[in-house]
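Here's the structure, in structure tokens; my notes come after.
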Amino acid sequence: MMEISHLSVTYPNGVKAVTDANLMLSPGEIVALVGESGSGKSSLLYASLALLPRGSKTSGEVFLDGMNFLSLPHDRKRQFRWKKISLVLQGSMNSFTPVLAMERQFVEVMQEHLNMKEADAAAKAGELLEEVGLDREFLHRFPHEMSGGQKQRCAIAMALCCNPDYLLADEPTTALDVITQAEIIDLLKRIVKARNMGMLMVTHDLALAASIADKISVMHRSRIVETAERDRIINDPKHPHTASLIRSLRTMEEEH
Amino acid sequence: MKEEIVSAENVTLAFGKEKNYALSGVSFSIQRGGSIAFIGESGSGKTSMLRILLGLIEPTRGRVRLFGKYLDEVDDEELREIRRACGYIPQDPFGGLPPTLTALEAVMEPLVITRLNVKKTRRERAKELLSSLGIGETLWNRKLIQGFSGGQRQRIMLARALVTDPKLLFADEPTSMQDASTRMDLVNLIRGHRRRGMSLIFVTHDLLLAKVIAERGIVLYSGQMCETGHTGPLLKDPLHPYTMALSAALPRLGKPIEIKTKRRPLPPHWKGCPYFSLCPYASDRCHALPPLKKIGDDRSVACFLYF
């Protein structure tokens, strides 16, 4: 179980980005954190991994299977990233080194974090690519030899390198075409269920959230204003902000 | 017969040495007050089509007529006159605005250039438009370089495009950076102008948005017209396998996402249906290029499933 408890974030310029956020994520469960730009959803995600810029103030706790992650010293935190909890970023696909083939980039991560031998790491990288629906042959490609969707599959495979229990994803389908987006969403859903991971996905798109998540949390002006099972959020929103989001989507869908 | 605003005849755009086509044989026309959405994903040719219609690039073959005049025949003065009657919202809100102007000046600028409006009312007109898009008084005198979000810049671009009350609006993904709560402000403003007779050419990857904003749609895949028709039926009852996949993949509250594609490699030097590499219904027939076939009063589809 991942538990975010009373998490607040204040940036060096005094802006309070997250106020008293609480969130639970169980193994095998997908929670979508939905909010508009500036709502604080990405800040919450990065704060829970202690990855905010220097000078930001974070208070509250993040428990990973009972262990208080935020209170760990720096080098201990580093041991848990990738292995316990891992990240797929907005535009992950553009975060690969352009000068190395994918194999080298996978091997580097596994050598660094798992002390694996090069040959073993390369073999595992091939398995991971197959798991995300790519041929092993892609190991020999450079990032520019792949489409956006293929690169994003690689980014997901890389996040799985060290068998994490929790996966955090920040807008993992922005900049992808609709059909590719559908494929990536389907892939994430299948992987999370197959590996019994917990996934927290940040998105601005409530309809997209509804298509993948078991549970939805809605964030508005730095606060989580509502959390519920997907169907309850869609059919019976309690907070006025959630209700207005649902209403504007329904108008688009139902109009003739 | 209504006044013709735009007509494109067999527009084709080739690039590279191997004669790849960004667009091939696109034809359509719009009468006064009409609207059309070019629907497709990256690489479909929709933005190239828009740039050809704007006269920014010349087609390899085919011709475009705006307000009854062929773009390849007009002189500079006539082209300027045509452009004065048009509004344009480019795709990139970060490249599309003059950085040294304030938000208000940026919206007034087209009126100054076209001398379309008396000095006194320019400012009022610009303020009114910005307010209706949620850009409030505190932002009016901020320079564009001083920090506006992509979403805000997009709204300023729309105000800038509509301030001259154009007869024809070209909009390239004008709501891509909007949150759900602000998207409808843009949509409603565009619809208001359409009710007053403005014609619209709209480029989007989103069938749902196409349906909300435009009457008719042309679905493009790899530069080919796959399907044309009213946007409602395109979304609800798609005929071409690509339109089916686009509609099924669209995140909606009322419907789970479905994947209706089947990926297979495209044989080398492929001359057949461009959608072959994704189509779940592909067969041997698809090694030839399917022509666009009229199916109903206002519906055409280029797919051998309908032959």
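Going by the structure tokens order, chains are called A, B, ..., each with residues numbered from 1, while ligands are numbered from 1 in the order shown.
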- Surrounding residues of segment 163-173 of chain B excluding itself and chain neighbours under 2 positions, 7 Å, only C-alpha atoms, as a PyMOL selection string: chain B and resi 85-91+107+110-111+116+126+159-161+175-176+198-204
- Item | Interface, chain B side, toward chain A (8 Å; only C-alpha atoms) as a ChimeraX atom specification | /B:41-42,179-181,184,205-206,208-209,211-212,232,245-246,249-253,256-259
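Nearest to Ala288 of chain B of all the residues B:Lys255, B:Arg142, B:Lys271, B:Arg195 is B:Lys271, counting only C-alpha atoms.
Nearest to Ile57 of chain B of all the residues B:Lys293, B:His269, B:Phe304, B:Ala14 is B:Ala14, based on only C-alpha atoms.
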- Message: Applying 12 Å and only C-alpha atoms, which residues near Ser59 of chain A remain after dropping the ones on its own chain fewer than 5 positions away? List them as a PyMOL selection string.
- Response: chain A and resi 4-11+16-21+44+47-48+50+70-71
